[in-house]
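Here is the file start_39.tsv (TSV, C-alpha atoms).
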chain	number	residue	atom	x	y	z
A	1	MET	CA	-1.26	8.35	-22.99
A	2	THR	CA	-1.14	6.15	-26.09
A	3	ALA	CA	-4.59	4.99	-27.17
A	4	THR	CA	-5.42	1.39	-26.33
A	5	LEU	CA	-5.97	-0.94	-29.26
A	6	SER	CA	-9.37	-2.48	-29.99
A	7	VAL	CA	-8.57	-5.29	-27.62
A	8	PRO	CA	-11.08	-8.05	-28.41
A	9	GLY	CA	-10.24	-8.02	-32.14
A	10	PHE	CA	-6.57	-7.43	-31.43
A	11	LEU	CA	-6.44	-10.35	-29.01
A	12	GLU	CA	-8.18	-12.68	-31.42
A	13	SER	CA	-5.66	-11.82	-34.13
A	14	MET	CA	-2.79	-12.49	-31.72
A	15	LEU	CA	-4.11	-15.58	-29.94
A	16	GLY	CA	-5.70	-17.30	-32.93
A	17	GLU	CA	-7.19	-20.70	-32.13
A	18	GLU	CA	-6.31	-20.27	-28.44
A	19	THR	CA	-8.47	-17.16	-28.02
A	20	GLU	CA	-11.50	-18.84	-26.46
A	21	ASP	CA	-9.47	-21.16	-24.26
A	22	LEU	CA	-7.13	-18.51	-22.89
A	23	LEU	CA	-9.69	-15.76	-22.37
A	24	ASN	CA	-12.49	-17.84	-20.83
A	25	TYR	CA	-10.70	-20.61	-18.96
A	26	LYS	CA	-11.59	-20.98	-15.26
A	27	ALA	CA	-8.52	-21.77	-13.17
A	28	LYS	CA	-8.39	-24.85	-10.97
A	29	VAL	CA	-7.22	-22.89	-7.90
A	30	SER	CA	-9.63	-20.10	-6.99
A	31	GLN	CA	-8.54	-16.49	-7.37
A	32	ASP	CA	-9.91	-16.03	-3.84
A	33	LEU	CA	-6.65	-17.49	-2.52
A	34	LEU	CA	-4.59	-14.79	-4.20
A	35	HIS	CA	-3.59	-11.21	-3.54
A	36	LEU	CA	-4.34	-9.60	-6.89
A	37	PRO	CA	-2.74	-6.48	-8.40
A	38	GLY	CA	-4.62	-3.21	-8.01
A	39	PRO	CA	-4.14	0.57	-7.63
A	40	ASP	CA	-3.58	0.18	-3.86
A	41	TRP	CA	-0.88	-2.46	-4.29
A	42	VAL	CA	1.91	-0.88	-2.25
A	43	ASP	CA	-0.40	0.15	0.61
A	44	ARG	CA	-2.23	-3.17	0.70
A	45	ILE	CA	0.75	-5.49	0.38
A	46	PHE	CA	3.84	-3.73	1.72
A	47	ALA	CA	2.67	-1.18	4.31
A	48	GLY	CA	2.51	-3.85	7.00
A	49	THR	CA	5.87	-5.46	6.21
A	50	ASP	CA	9.35	-4.78	7.56
A	51	ARG	CA	10.17	-2.64	4.50
A	52	ASN	CA	11.09	0.87	5.62
A	53	PRO	CA	9.39	4.03	4.31
A	54	GLN	CA	12.10	4.62	1.71
A	55	VAL	CA	11.43	1.16	0.21
A	56	LEU	CA	7.71	1.92	0.10
A	57	ARG	CA	8.49	5.15	-1.73
A	58	SER	CA	10.69	3.32	-4.22
A	59	LEU	CA	8.04	0.68	-4.83
A	60	GLN	CA	5.38	3.35	-5.29
A	61	GLN	CA	7.57	5.15	-7.82
A	62	LEU	CA	8.03	1.89	-9.71
A	63	TYR	CA	4.30	1.16	-9.75
A	64	SER	CA	3.36	4.77	-10.59
A	65	THR	CA	5.35	5.19	-13.84
A	66	GLY	CA	4.51	4.52	-17.49
A	67	ARG	CA	1.34	3.41	-19.23
A	68	LEU	CA	0.49	0.94	-16.45
A	69	ALA	CA	0.90	3.53	-13.70
A	70	ASN	CA	-1.33	2.97	-10.66
A	71	THR	CA	-2.84	-0.28	-11.95
A	72	GLY	CA	-0.75	-2.67	-9.85
A	73	TYR	CA	0.80	-4.07	-13.03
A	74	ILE	CA	4.30	-3.42	-14.34
A	75	SER	CA	6.06	-3.52	-17.69
A	76	ILE	CA	9.87	-3.52	-17.57
A	77	LEU	CA	12.63	-3.37	-20.18
A	78	PRO	CA	15.55	-5.62	-19.09
A	79	VAL	CA	18.85	-5.38	-20.95
A	80	ASP	CA	21.49	-7.44	-19.20
A	81	GLN	CA	22.04	-9.56	-22.31
A	82	GLY	CA	25.17	-7.63	-23.26
A	83	ILE	CA	26.86	-9.65	-20.53
A	84	GLU	CA	24.57	-12.68	-20.24
A	85	HIS	CA	24.63	-13.46	-23.98
A	86	SER	CA	27.50	-11.16	-25.10
A	87	ALA	CA	27.14	-7.70	-26.59
A	88	GLY	CA	27.64	-9.00	-30.11
A	89	ALA	CA	24.96	-11.64	-29.91
A	90	SER	CA	22.55	-9.22	-28.25
A	91	PHE	CA	23.04	-5.98	-30.17
A	92	ALA	CA	24.16	-7.05	-33.65
A	93	PRO	CA	20.49	-7.33	-34.76
A	94	ASN	CA	20.07	-3.63	-33.87
A	95	PRO	CA	23.42	-1.86	-33.26
A	96	ILE	CA	21.84	1.33	-31.88
A	97	TYR	CA	21.65	-0.43	-28.51
A	98	PHE	CA	25.42	-0.52	-28.13
A	99	ASP	CA	24.72	3.08	-27.05
A	100	PRO	CA	23.22	2.89	-23.53
A	101	GLU	CA	21.12	6.02	-24.05
A	102	ASN	CA	18.99	4.23	-26.61
A	103	ILE	CA	18.18	1.50	-24.09
A	104	ILE	CA	16.74	4.08	-21.72
A	105	LYS	CA	14.96	5.92	-24.54
A	106	LEU	CA	13.23	2.68	-25.55
A	107	ALA	CA	11.96	2.14	-22.00
A	108	ILE	CA	10.62	5.70	-21.83
A	109	GLU	CA	9.03	5.72	-25.28
A	110	GLY	CA	7.66	2.23	-24.69
A	111	GLY	CA	5.74	3.42	-21.63
A	112	CYS	CA	7.61	1.10	-19.27
A	113	ASN	CA	7.50	1.33	-15.48
A	114	ALA	CA	11.28	0.92	-15.31
A	115	VAL	CA	14.46	-0.06	-17.09
A	116	ALA	CA	16.57	-2.89	-15.64
A	117	THR	CA	20.13	-3.06	-16.90
A	118	THR	CA	23.78	-3.04	-15.93
A	119	LEU	CA	25.76	-0.75	-13.65
A	120	GLY	CA	27.67	0.53	-16.70
A	121	VAL	CA	24.57	1.48	-18.71
A	122	LEU	CA	22.80	3.23	-15.84
A	123	GLY	CA	25.96	4.80	-14.48
A	124	MET	CA	26.76	6.28	-17.88
A	125	MET	CA	23.31	7.90	-18.17
A	126	SER	CA	22.47	8.50	-14.51
A	127	ARG	CA	22.39	12.29	-14.26
A	128	LYS	CA	20.38	12.66	-17.46
A	129	TYR	CA	17.69	10.06	-16.83
A	130	ALA	CA	17.52	8.86	-13.19
A	131	HIS	CA	14.70	11.34	-12.48
A	132	LYS	CA	12.79	10.48	-15.66
A	133	ILE	CA	12.29	6.72	-15.33
A	134	PRO	CA	12.93	4.31	-12.43
A	135	PHE	CA	16.32	2.57	-12.63
A	136	ILE	CA	16.84	-1.07	-11.64
A	137	VAL	CA	20.51	-2.06	-11.41
A	138	LYS	CA	21.20	-5.72	-12.19
A	139	ILE	CA	24.04	-6.42	-9.78
A	140	ASN	CA	25.14	-9.93	-10.84
A	141	HIS	CA	25.67	-11.61	-14.20
A	142	ASN	CA	26.89	-14.71	-15.99
A	143	GLU	CA	29.69	-13.89	-18.44
A	144	LEU	CA	30.64	-16.09	-21.38
A	145	LEU	CA	34.18	-14.93	-22.13
A	146	THR	CA	35.93	-17.33	-19.76
A	147	PHE	CA	37.03	-20.52	-21.51
A	148	PRO	CA	35.57	-23.02	-21.18
A	149	ASN	CA	32.26	-21.23	-20.71
A	150	GLN	CA	30.88	-21.55	-17.22
A	151	PHE	CA	27.46	-20.80	-15.82
A	152	ASP	CA	27.71	-18.87	-12.59
A	153	GLN	CA	26.15	-15.61	-11.49
A	154	ILE	CA	28.86	-13.41	-10.00
A	155	MET	CA	28.61	-9.93	-8.52
A	156	PHE	CA	29.45	-7.10	-10.94
A	157	ALA	CA	28.16	-4.21	-8.82
A	158	SER	CA	27.54	-3.24	-5.22
A	159	VAL	CA	24.25	-2.16	-3.71
A	160	GLU	CA	25.88	1.14	-2.74
A	161	GLN	CA	26.76	1.86	-6.37
A	162	ALA	CA	23.13	1.29	-7.34
A	163	TRP	CA	21.95	3.68	-4.64
A	164	ASN	CA	24.50	6.34	-5.61
A	165	LEU	CA	23.34	6.46	-9.25
A	166	GLY	CA	19.71	6.92	-8.20
A	167	ALA	CA	18.24	3.44	-8.60
A	168	VAL	CA	14.87	2.60	-7.03
A	169	ALA	CA	15.63	-1.13	-7.05
A	170	VAL	CA	18.31	-3.76	-7.51
A	171	GLY	CA	17.91	-6.97	-9.46
A	172	ALA	CA	19.83	-10.23	-9.24
A	173	THR	CA	19.75	-13.75	-10.65
A	174	ILE	CA	20.09	-17.01	-8.76
A	175	TYR	CA	20.63	-20.25	-10.68
A	176	PHE	CA	18.61	-22.51	-8.40
A	177	GLY	CA	19.67	-26.14	-8.73
A	178	SER	CA	23.21	-25.30	-9.86
A	179	GLU	CA	26.37	-26.25	-7.99
A	180	GLN	CA	26.86	-22.55	-7.18
A	181	SER	CA	23.33	-21.88	-5.94
A	182	THR	CA	24.15	-22.06	-2.22
A	183	ARG	CA	26.73	-19.29	-2.57
A	184	GLN	CA	24.47	-17.25	-4.80
A	185	ILE	CA	21.56	-17.47	-2.33
A	186	GLN	CA	23.79	-16.18	0.46
A	187	GLU	CA	25.26	-13.38	-1.67
A	188	VAL	CA	21.92	-12.18	-2.98
A	189	SER	CA	20.21	-12.44	0.41
A	190	LYS	CA	22.87	-10.19	1.90
A	191	ALA	CA	22.63	-7.75	-1.00
A	192	PHE	CA	18.83	-7.59	-0.79
A	193	ALA	CA	18.98	-6.88	2.94
A	194	ARG	CA	21.38	-4.00	2.27
A	195	ALA	CA	19.20	-2.70	-0.56
A	196	HIS	CA	16.21	-2.57	1.77
A	197	GLU	CA	18.30	-0.75	4.37
A	198	LEU	CA	19.11	1.91	1.76
A	199	GLY	CA	15.50	2.21	0.62
A	200	MET	CA	15.56	0.25	-2.63
A	201	ALA	CA	13.21	-2.50	-3.77
A	202	THR	CA	14.45	-5.96	-4.79
A	203	ILE	CA	13.74	-8.07	-7.89
A	204	LEU	CA	14.96	-11.65	-8.26
A	205	TRP	CA	15.43	-13.57	-11.50
A	206	CYS	CA	14.54	-17.06	-10.13
A	207	TYR	CA	16.06	-19.23	-12.84
A	208	LEU	CA	16.84	-22.94	-12.77
A	209	ARG	CA	20.15	-24.29	-14.00
A	210	SER	CA	21.16	-27.95	-13.99
A	211	ASN	CA	21.84	-30.58	-16.62
A	212	ALA	CA	19.60	-32.88	-14.58
A	213	PHE	CA	16.61	-30.72	-15.53
A	214	LYS	CA	17.02	-31.61	-19.23
A	215	GLN	CA	15.33	-34.96	-19.73
A	216	ASP	CA	12.51	-35.96	-22.09
A	217	LYS	CA	11.39	-32.34	-21.69
A	218	ASP	CA	13.16	-29.20	-20.54
A	219	TYR	CA	12.18	-29.14	-16.88
A	220	HIS	CA	13.90	-25.79	-16.39
A	221	VAL	CA	10.39	-24.51	-17.15
A	222	ALA	CA	8.44	-27.03	-15.07
A	223	ALA	CA	5.76	-25.47	-12.88
A	224	ASP	CA	6.67	-27.47	-9.78
A	225	LEU	CA	10.39	-26.69	-9.96
A	226	THR	CA	10.04	-23.04	-10.97
A	227	GLY	CA	7.37	-22.65	-8.30
A	228	GLN	CA	9.79	-23.81	-5.64
A	229	ALA	CA	12.46	-21.46	-7.00
A	230	ASN	CA	9.95	-18.63	-6.61
A	231	HIS	CA	9.28	-19.69	-3.03
A	232	LEU	CA	12.99	-19.60	-2.25
A	233	GLY	CA	13.15	-16.16	-3.83
A	234	VAL	CA	10.45	-14.62	-1.66
A	235	THR	CA	12.10	-16.26	1.34
A	236	ILE	CA	15.09	-13.92	0.92
A	237	GLU	CA	12.66	-10.98	0.59
A	238	ALA	CA	12.49	-10.39	-3.12
A	239	ASP	CA	9.70	-7.85	-3.60
A	240	ILE	CA	9.14	-8.96	-7.20
A	241	ILE	CA	9.89	-12.34	-8.76
A	242	LYS	CA	10.91	-12.78	-12.40
A	243	GLN	CA	10.33	-16.25	-13.78
A	244	LYS	CA	10.03	-17.95	-17.15
A	245	LEU	CA	6.53	-18.94	-18.20
A	246	PRO	CA	6.00	-22.61	-17.27
A	247	GLU	CA	5.65	-25.07	-20.12
A	248	CYS	CA	5.38	-28.41	-18.33
A	249	ASN	CA	5.10	-30.01	-14.88
A	250	ASN	CA	6.21	-33.04	-12.85
A	251	GLY	CA	9.85	-31.98	-12.79
A	252	TYR	CA	10.56	-33.67	-9.47
A	253	GLN	CA	9.39	-37.06	-10.73
A	254	ALA	CA	11.13	-36.74	-14.08
A	255	VAL	CA	14.51	-35.88	-12.53
A	256	SER	CA	14.18	-38.61	-9.92
A	257	GLN	CA	13.39	-41.26	-12.54
A	258	ALA	CA	16.07	-40.14	-14.96
A	259	MET	CA	18.82	-39.99	-12.33
A	260	ALA	CA	17.60	-43.11	-10.47
A	261	LYS	CA	17.82	-41.19	-7.21
A	262	THR	CA	15.36	-39.57	-4.86
A	263	TYR	CA	15.15	-35.87	-5.67
A	264	GLY	CA	13.55	-33.14	-3.59
A	265	LYS	CA	10.11	-33.37	-2.04
A	266	THR	CA	6.64	-32.70	-3.36
A	267	ASP	CA	3.04	-33.83	-2.84
A	268	LYS	CA	0.72	-35.57	-5.28
A	269	ARG	CA	-1.90	-32.91	-4.60
A	270	VAL	CA	0.33	-30.40	-6.39
A	271	TYR	CA	-0.55	-32.28	-9.57
A	272	THR	CA	-4.12	-33.38	-8.79
A	273	ASP	CA	-5.57	-30.44	-6.83
A	274	LEU	CA	-3.40	-27.41	-7.60
A	275	THR	CA	-2.45	-27.76	-11.27
A	276	THR	CA	-3.53	-29.12	-14.64
A	277	ASP	CA	-1.71	-29.01	-17.96
A	278	HIS	CA	-3.33	-25.67	-18.79
A	279	PRO	CA	-0.80	-22.80	-18.97
A	280	ILE	CA	-2.94	-20.59	-16.71
A	281	ASP	CA	-3.00	-23.26	-14.00
A	282	LEU	CA	0.74	-23.86	-14.32
A	283	THR	CA	1.39	-20.12	-13.99
A	284	ARG	CA	-1.07	-19.80	-11.09
A	285	TYR	CA	1.05	-22.36	-9.23
A	286	GLN	CA	4.02	-20.03	-9.73
A	287	VAL	CA	1.92	-17.19	-8.28
A	288	LEU	CA	0.89	-19.32	-5.30
A	289	ASN	CA	4.55	-19.89	-4.51
A	290	CYS	CA	5.09	-16.11	-4.46
A	291	TYR	CA	3.29	-16.02	-1.10
A	292	SER	CA	-0.08	-16.25	-2.88
A	293	GLY	CA	0.85	-13.26	-5.01
A	294	ARG	CA	2.10	-10.93	-2.27
A	295	ALA	CA	5.38	-10.79	-4.20
A	296	GLY	CA	4.41	-9.87	-7.74
A	297	LEU	CA	5.19	-12.45	-10.44
A	298	ILE	CA	6.51	-11.03	-13.69
A	299	ASN	CA	7.14	-13.51	-16.48
A	300	SER	CA	9.91	-13.06	-19.03
A	301	GLY	CA	9.22	-12.51	-22.69
A	302	GLY	CA	11.81	-14.95	-24.00
A	303	ALA	CA	14.04	-14.85	-27.06
A	304	SER	CA	13.13	-12.93	-30.19
A	305	GLY	CA	11.71	-14.77	-33.18
A	306	LYS	CA	9.23	-14.64	-36.06
A	307	ASN	CA	6.07	-14.36	-33.93
A	308	ASP	CA	7.20	-11.94	-31.22
A	309	PHE	CA	3.98	-9.93	-31.01
A	310	ALA	CA	1.74	-12.98	-30.75
A	311	GLU	CA	4.04	-14.71	-28.25
A	312	ALA	CA	4.35	-11.61	-26.06
A	313	VAL	CA	0.60	-11.00	-26.01
A	314	ARG	CA	-0.06	-14.67	-25.23
A	315	THR	CA	2.40	-14.57	-22.32
A	316	ALA	CA	0.79	-11.38	-21.00
A	317	VAL	CA	-2.69	-12.90	-21.15
A	318	ILE	CA	-1.57	-16.02	-19.30
A	319	ASN	CA	0.32	-14.01	-16.68
A	320	LYS	CA	-2.56	-11.62	-16.04
A	321	ARG	CA	-5.28	-14.26	-15.93
A	322	ALA	CA	-3.14	-16.41	-13.60
A	323	GLY	CA	-2.82	-13.51	-11.13
A	324	GLY	CA	0.63	-12.28	-12.11
A	325	SER	CA	1.84	-8.68	-12.03
A	326	GLY	CA	3.27	-8.06	-15.48
A	327	LEU	CA	5.89	-8.81	-18.08
A	328	ILE	CA	9.59	-8.10	-18.45
A	329	SER	CA	10.50	-8.08	-22.13
A	330	GLY	CA	13.99	-7.64	-23.53
A	331	ARG	CA	15.16	-9.24	-26.75
A	332	LYS	CA	11.72	-9.22	-28.34
A	333	THR	CA	11.78	-5.42	-28.08
A	334	PHE	CA	15.36	-4.22	-28.51
A	335	GLN	CA	16.34	-6.68	-31.26
A	336	ARG	CA	13.95	-4.98	-33.68
A	337	PRO	CA	13.57	-1.43	-35.07
A	338	PHE	CA	12.99	1.14	-32.32
A	339	GLU	CA	9.39	1.98	-33.28
A	340	GLU	CA	8.47	-1.71	-33.48
A	341	GLY	CA	9.92	-2.21	-30.00
A	342	VAL	CA	7.69	0.59	-28.72
A	343	LYS	CA	4.65	-0.99	-30.39
A	344	LEU	CA	5.42	-4.37	-28.85
A	345	PHE	CA	5.60	-2.85	-25.36
A	346	ASN	CA	2.30	-1.08	-26.00
A	347	ALA	CA	0.70	-4.34	-27.15
A	348	ILE	CA	1.76	-6.04	-23.92
A	349	GLN	CA	0.53	-3.13	-21.83
A	350	ASP	CA	-2.82	-3.13	-23.63
A	351	VAL	CA	-3.45	-6.61	-22.24
A	352	TYR	CA	-3.07	-5.34	-18.68
A	353	LEU	CA	-5.15	-2.22	-19.39
A	354	SER	CA	-7.95	-4.22	-20.98
A	355	GLU	CA	-11.10	-4.95	-18.99
A	356	ASP	CA	-11.72	-7.87	-21.36
A	357	VAL	CA	-8.77	-9.80	-19.91
A	358	THR	CA	-9.92	-10.83	-16.44
A	359	ILE	CA	-8.52	-12.96	-13.63
A	360	ALA	CA	-9.26	-16.63	-14.31

Just give me the structure of the file as structure tokens.
Amino acid sequence: MTATLSVPGFLESMLGEETEDLLNYKAKVSQDLLHLPGPDWVDRIFAGTDRNPQVLRSLQQLYSTGRLANTGYISILPVDQGIEHSAGASFAPNPIYFDPENIIKLAIEGGCNAVATTLGVLGMMSRKYAHKIPFIVKINHNELLTFPNQFDQIMFASVEQAWNLGAVAVGATIYFGSEQSTRQIQEVSKAFARAHELGMATILWCYLRSNAFKQDKDYHVAADLTGQANHLGVTIEADIIKQKLPECNNGYQAVSQAMAKTYGKTDKRVYTDLTTDHPIDLTRYQVLNCYSGRAGLINSGGASGKNDFAEAVRTAVINKRAGGSGLISGRKTFQRPFEEGVKLFNAIQDVYLSEDVTIA
């Protein structure tokens, strides 16, 4: 196992002026309301559910791989950007990832629990690597070749194809709030039910998509709206929820005022009793909406930039202290030299391995 960094000093260098606030903040909603990650995660959370023994085995394999094995936390490499953002836009910064084998090698060398990518990537490398790292097949995508560009998640793969190539889980995206969301919910719900029948776990990218969510702020990352998306995701039996880290709140009110129409339903206590403006509280509200953490919340790492290491570590600290289950980091890792990508994964994992980063 790779040695863990000197975490207190490492964290201070990454978090800067936010170090004290992020590491010592006490959350508004007590951790006592949550089901927190731990070594017994699969037994404690899923053994009493309707998931069959094959699903439990798949989940256990997922949670028992990589540097975070048997901690209850997960670190995943997702590479669906070749379709979602185009191969050119995604891989031009580091052309080695046009070759699908390098995607899987990065996940293995980075100590990840799993690699989540397309049917084509995993199908091409199945016999060589399916027994070496858990595969997650992303079964739907948004493609940007159609003119004019449209934003709709459509099925690219079947659950049976994922099972045949040795996957332990399937992943899918729903654009909640979009005109196509009703169809997507029905499609993904059906696919997840079939995946569970075949013994695979399910991971849902619970993303928001609507022009109405762009007002004075980008409410695609509002805690109240993303929280409700998470709740819809666990309703169709997603075992793990992927969500963007929240950056604001009061999305319902903002959309209603901007559009001069009543929008959705909420309760003032969401904003007075359950959240504050602190990022840990906003993220804890996302966890609450994942059945109080019974479905693990993994936050996404976001786009690559100049401060990738600091941003990734900050996101990991917030996710862990809020009660989340890990990070799923793509462009920040594969759009840089291979060894740097490995180091970034290790930095994220060090947060979850550190006893100095506790539940808020």

Residue contacts of A:Leu165 (10 Å, only C-alpha atoms) excluding same-chain residues fewer than 2 positions away, as a PyMOL selection string: chain A and resi 119+122-127+130+135+137+160-163+167-168

Distance of atom CA of A:Arg294 from atom CA of A:Gly111, expressed in Å to one decimal place: 24.4 Å

Return as a Markdown table the residues of stretch 167-268 of chain A lying at most 12 Å from stretch 319-326 of chain A, together with the closest atom-to-atom pair for each and the distance in Å to one decimal, counting only C-alpha atoms, with rows in chain order and ascending residue number.
| residue | atom | partner | partner_atom | distance |
| --- | --- | --- | --- | --- |
| A:Asp239 | CA | A:Ser325 | CA | 11.6 |
| A:Ile240 | CA | A:Ser325 | CA | 8.8 |
| A:Ile241 | CA | A:Ser325 | CA | 9.4 |
| A:Lys242 | CA | A:Gly326 | CA | 9.5 |
| A:Gln243 | CA | A:Gly324 | CA | 10.6 |
| A:Lys244 | CA | A:Asn319 | CA | 10.5 |
| A:Leu245 | CA | A:Asn319 | CA | 8.1 |
| A:Pro246 | CA | A:Asn319 | CA | 10.3 |

Answer as number ranges by chain, residues within 12 Å of (-0.5, -33.2, -22.5) using only C-alpha atoms: A: 217, 247-250, 276-279

Residues within 7 Å of A:Gly233, only C-alpha atoms, excluding chain neighbours under 5 positions, as a count of residues only: 3

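Of the residues listed (A:Ala229, A:Ile203, A:Val357, A:Ala303), A:Ala303 shows the shortest atom-to-atom separation from A:Ser90; distances use all atoms listed in the file.
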
Point (19.0, -7.9, -18.8) neighbourhood (9 Å, all atoms listed in the file) written as a VMD selection string: chain A and resid 77 to 84 116 to 118 138 141 330 to 331

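Counting from atom CA of A:Ile103, the distance to atom CA of A:Thr202 is 21.0 Å.
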
Interatomic distance, atom CA of A:Tyr73 to atom CA of A:Tyr352 (Å, one decimal):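 Atom-to-atom, atom CA of A:Tyr73 to atom CA of A:Tyr352, that is 7.0 Å.
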
Contact residues around A:Asp267 with all atoms listed in the file at 12 Å, ignoring same-chain residues under 5 positions, as number ranges by chain: A: 224, 250, 252-253, 272-275

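Of the residues listed (A:Asp218, A:Asp350, A:Glu143, A:Asp50), A:Asp350 shows the shortest atom-to-atom separation from A:Leu68; distances use only C-alpha atoms.
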
Top pick for closest residue to A:Ile236, considering A:Gln257, A:Thr283, A:Ser158, A:Gln184 and counting only C-alpha atoms: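 Of A:Gln257, A:Thr283, A:Ser158, A:Gln184, the one nearest A:Ile236, counting only C-alpha atoms, is A:Gln184.
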
All residues 10 Å or closer to A:Tyr97, all atoms listed in the file, same chain fewer than 3 positions away omitted, as a VMD selection string: chain A and resid 79 82 87 90 to 94 100 to 104 106 334 to 335 338

Among the residues A:Val317, A:Gln228, A:Glu340, A:Arg284, the one that comes closest to A:Glu20 [using only C-alpha atoms]: A:Val317
